Amino acid sequence: MVQETTVADPRELHRFEEFTAFLHEPELAAHVLSPSRWSEAMGIPVNQLADQAGVHRNTLRLSPASPGVQSHLREALRVLRAAFDLSGDMQVALRWYRTEPLGAFRYVTAETLVSQGRASDVVNYIESLRAGALG
């Protein structure tokens, strides 16, 4: 008897741990985040993720474990963790990451800032919100 693996709908994942588990595919090494599942969770086409990561779109399919891809996904995940810690809900953190224009950064989104290599700036911003400095 073959056991079916059910993959959750990423729009129904509210805990950070559930979200990170969703990002791992059995076909990939345990430490590799899946670019295709990331695209699905973010609701973006793979070519948009490739642009954000600064790689060719074929790299996502042919070399998902490449350093450029994994570095981008891990930096984005670090920002999402900070956003989750602030909001307490993964769906709120995802919406914020993708759509909230940040006044402190000339009204661009966290997603754009991560693509520009500014994940640490975003994490510092979130930490300041947690401390009440800007909130």
# chains A, B, ... in the order shown; residues from 1 in each chain; ligands from 1

call {"tool": "residues_around", "arguments": {"residues": "A:Phe22", "least_positions_apart": "2", "cutoff": "10 Å", "atoms": "only C-alpha atoms", "output": "ChimeraX atom specification"}}
result
/A:7-10,13,16-20,24-25,33-34,37-38,41

call {"tool": "residues_around", "arguments": {"residues": "stretch 90-98 of chain A", "least_positions_apart": "5", "cutoff": "9 Å", "atoms": "only C-alpha atoms", "output": "list in words"}}
result
Pro10, Arg11, Glu12, Leu13, His14, Arg15, Phe16, Glu18, Phe19, Ala41, Met42, Ala76, Val79, Leu80, Arg81, Ala82, Ala83, Phe84, Asp85, Thr109, Ala110, Glu111 and Thr112 of chain A

call {"tool": "residues_around", "arguments": {"residues": "A:His31", "least_positions_apart": "3", "cutoff": "12 Å", "atoms": "only C-alpha atoms", "output": "PDB file with C-alpha atoms, in the first residue's frame"}}
result
ATOM      1  CA  THR A  20       9.072  26.226   6.981  1.00  0.00           C
ATOM      2  CA  ALA A  21       8.027  22.570   6.844  1.00  0.00           C
ATOM      3  CA  LEU A  23       9.075  24.851   2.071  1.00  0.00           C
ATOM      4  CA  HIS A  24      10.902  21.514   2.131  1.00  0.00           C
ATOM      5  CA  GLU A  25      10.347  18.944  -0.613  1.00  0.00           C
ATOM      6  CA  PRO A  26      11.207  15.265  -0.118  1.00  0.00           C
ATOM      7  CA  GLU A  27      13.112  15.263  -3.431  1.00  0.00           C
ATOM      8  CA  LEU A  28      15.541  17.919  -2.179  1.00  0.00           C
ATOM      9  CA  SER A  34      12.138  24.682  -2.368  1.00  0.00           C
ATOM     10  CA  PRO A  64      17.428  24.783  -6.572  1.00  0.00           C
ATOM     11  CA  ALA A  65      20.218  24.234  -4.029  1.00  0.00           C
ATOM     12  CA  SER A  66      22.517  26.821  -5.645  1.00  0.00           C
ATOM     13  CA  PRO A  67      24.027  29.321  -3.193  1.00  0.00           C
ATOM     14  CA  GLN A  70      19.268  29.473  -1.081  1.00  0.00           C
ATOM     15  CA  SER A  71      20.856  32.670   0.217  1.00  0.00           C
ATOM     16  CA  LEU A  73      15.327  32.337   0.378  1.00  0.00           C
ATOM     17  CA  ARG A  74      17.069  32.164   3.761  1.00  0.00           C
TER      18      ARG A  74
END

call {"tool": "atom_distance", "arguments": {"atom1": "atom CA of A:Gly43", "atom2": "atom CA of A:Ala30"}}
result
23.3 Å

call {"tool": "decode", "arguments": {"residues": "chain A", "atoms": "C-alpha atoms", "output": "CSV table (one decimal), in the first residue's frame"}}
result
chain,number,residue,atom,x,y,z
A,1,MET,CA,0.0,0.0,0.0
A,2,VAL,CA,1.4,3.4,-1.0
A,3,GLN,CA,1.0,6.1,1.5
A,4,GLU,CA,0.0,9.5,0.1
A,5,THR,CA,1.7,12.6,1.4
A,6,THR,CA,-0.7,15.5,1.8
A,7,VAL,CA,0.9,18.9,1.1
A,8,ALA,CA,-0.8,21.7,3.0
A,9,ASP,CA,-2.3,24.8,1.3
A,10,PRO,CA,0.2,27.5,2.2
A,11,ARG,CA,-2.6,30.0,2.6
A,12,GLU,CA,-3.8,27.9,5.6
A,13,LEU,CA,-0.5,27.8,7.5
A,14,HIS,CA,-0.5,30.2,10.5
A,15,ARG,CA,2.5,29.0,12.4
A,16,PHE,CA,6.1,29.7,11.3
A,17,GLU,CA,7.1,26.0,11.8
A,18,GLU,CA,4.3,24.9,9.5
A,19,PHE,CA,5.4,27.3,6.9
A,20,THR,CA,9.1,26.2,7.0
A,21,ALA,CA,8.0,22.6,6.8
A,22,PHE,CA,6.0,23.4,3.7
A,23,LEU,CA,9.1,24.9,2.1
A,24,HIS,CA,10.9,21.5,2.1
A,25,GLU,CA,10.3,18.9,-0.6
A,26,PRO,CA,11.2,15.3,-0.1
A,27,GLU,CA,13.1,15.3,-3.4
A,28,LEU,CA,15.5,17.9,-2.2
A,29,ALA,CA,18.2,17.7,0.6
A,30,ALA,CA,16.8,18.4,4.0
A,31,HIS,CA,18.6,21.8,4.2
A,32,VAL,CA,17.3,23.0,0.9
A,33,LEU,CA,14.3,25.3,0.7
A,34,SER,CA,12.1,24.7,-2.4
A,35,PRO,CA,11.9,27.6,-4.8
A,36,SER,CA,8.7,26.2,-6.4
A,37,ARG,CA,7.0,25.9,-3.0
A,38,TRP,CA,8.3,29.4,-2.1
A,39,SER,CA,6.7,30.8,-5.3
A,40,GLU,CA,3.5,28.9,-4.5
A,41,ALA,CA,3.4,30.3,-0.9
A,42,MET,CA,4.1,33.8,-2.1
A,43,GLY,CA,1.7,33.6,-5.0
A,44,ILE,CA,4.3,34.7,-7.5
A,45,PRO,CA,5.5,33.2,-10.7
A,46,VAL,CA,8.9,31.4,-10.7
A,47,ASN,CA,10.4,34.0,-13.0
A,48,GLN,CA,9.6,36.8,-10.5
A,49,LEU,CA,11.4,34.8,-7.8
A,50,ALA,CA,14.4,34.4,-10.1
A,51,ASP,CA,14.5,38.1,-10.6
A,52,GLN,CA,14.3,38.7,-6.8
A,53,ALA,CA,17.1,36.2,-6.2
A,54,GLY,CA,19.2,37.6,-9.0
A,55,VAL,CA,19.4,34.3,-10.9
A,56,HIS,CA,18.3,32.9,-14.2
A,57,ARG,CA,14.8,31.3,-14.0
A,58,ASN,CA,16.2,27.9,-15.1
A,59,THR,CA,18.5,28.0,-12.1
A,60,LEU,CA,15.4,27.6,-9.8
A,61,ARG,CA,14.4,24.4,-11.6
A,62,LEU,CA,17.8,22.9,-12.5
A,63,SER,CA,19.8,24.0,-9.4
A,64,PRO,CA,17.4,24.8,-6.6
A,65,ALA,CA,20.2,24.2,-4.0
A,66,SER,CA,22.5,26.8,-5.6
A,67,PRO,CA,24.0,29.3,-3.2
A,68,GLY,CA,22.4,32.3,-4.8
A,69,VAL,CA,18.9,30.8,-4.6
A,70,GLN,CA,19.3,29.5,-1.1
A,71,SER,CA,20.9,32.7,0.2
A,72,HIS,CA,17.9,34.7,-1.0
A,73,LEU,CA,15.3,32.3,0.4
A,74,ARG,CA,17.1,32.2,3.8
A,75,GLU,CA,17.4,35.9,4.0
A,76,ALA,CA,13.7,36.3,3.1
A,77,LEU,CA,12.8,33.6,5.7
A,78,ARG,CA,14.8,35.5,8.3
A,79,VAL,CA,12.7,38.6,7.7
A,80,LEU,CA,9.5,36.5,7.8
A,81,ARG,CA,10.5,35.0,11.1
A,82,ALA,CA,10.9,38.5,12.6
A,83,ALA,CA,7.6,39.6,11.1
A,84,PHE,CA,5.9,36.4,12.5
A,85,ASP,CA,7.4,37.0,15.9
A,86,LEU,CA,5.8,40.5,15.8
A,87,SER,CA,2.4,39.5,14.4
A,88,GLY,CA,2.0,36.0,15.8
A,89,ASP,CA,0.4,34.8,12.5
A,90,MET,CA,2.3,33.6,9.4
A,91,GLN,CA,-0.4,34.8,7.0
A,92,VAL,CA,-0.2,38.3,8.5
A,93,ALA,CA,3.6,38.2,8.2
A,94,LEU,CA,3.4,37.1,4.6
A,95,ARG,CA,0.9,39.8,3.6
A,96,TRP,CA,3.1,42.4,5.4
A,97,TYR,CA,6.2,41.1,3.6
A,98,ARG,CA,4.7,41.3,0.2
A,99,THR,CA,2.4,44.3,0.3
A,100,GLU,CA,3.1,46.8,3.1
A,101,PRO,CA,4.9,49.9,1.9
A,102,LEU,CA,7.4,50.8,4.6
A,103,GLY,CA,7.7,54.5,5.2
A,104,ALA,CA,11.1,54.2,6.8
A,105,PHE,CA,12.4,52.8,3.4
A,106,ARG,CA,10.8,55.2,0.9
A,107,TYR,CA,7.6,53.2,0.8
A,108,VAL,CA,9.0,50.0,-0.7
A,109,THR,CA,8.0,46.5,0.6
A,110,ALA,CA,10.1,44.2,2.7
A,111,GLU,CA,10.1,41.8,-0.3
A,112,THR,CA,11.8,44.5,-2.4
A,113,LEU,CA,14.3,45.4,0.3
A,114,VAL,CA,15.3,41.7,0.6
A,115,SER,CA,15.8,41.5,-3.2
A,116,GLN,CA,18.1,44.6,-2.8
A,117,GLY,CA,20.2,42.7,-0.2
A,118,ARG,CA,18.8,44.7,2.7
A,119,ALA,CA,17.3,41.9,4.8
A,120,SER,CA,19.3,43.0,7.9
A,121,ASP,CA,17.8,46.5,7.6
A,122,VAL,CA,14.3,45.1,7.6
A,123,VAL,CA,15.0,42.8,10.6
A,124,ASN,CA,16.4,45.8,12.5
A,125,TYR,CA,13.3,47.8,11.6
A,126,ILE,CA,11.0,45.0,12.8
A,127,GLU,CA,13.0,44.8,16.0
A,128,SER,CA,12.6,48.5,16.6
A,129,LEU,CA,8.8,48.1,16.1
A,130,ARG,CA,8.8,45.3,18.7
A,131,ALA,CA,10.7,47.6,21.1
A,132,GLY,CA,8.2,50.4,20.5
A,133,ALA,CA,10.7,52.8,19.0
A,134,LEU,CA,8.6,53.4,15.8
A,135,GLY,CA,5.2,52.0,16.9
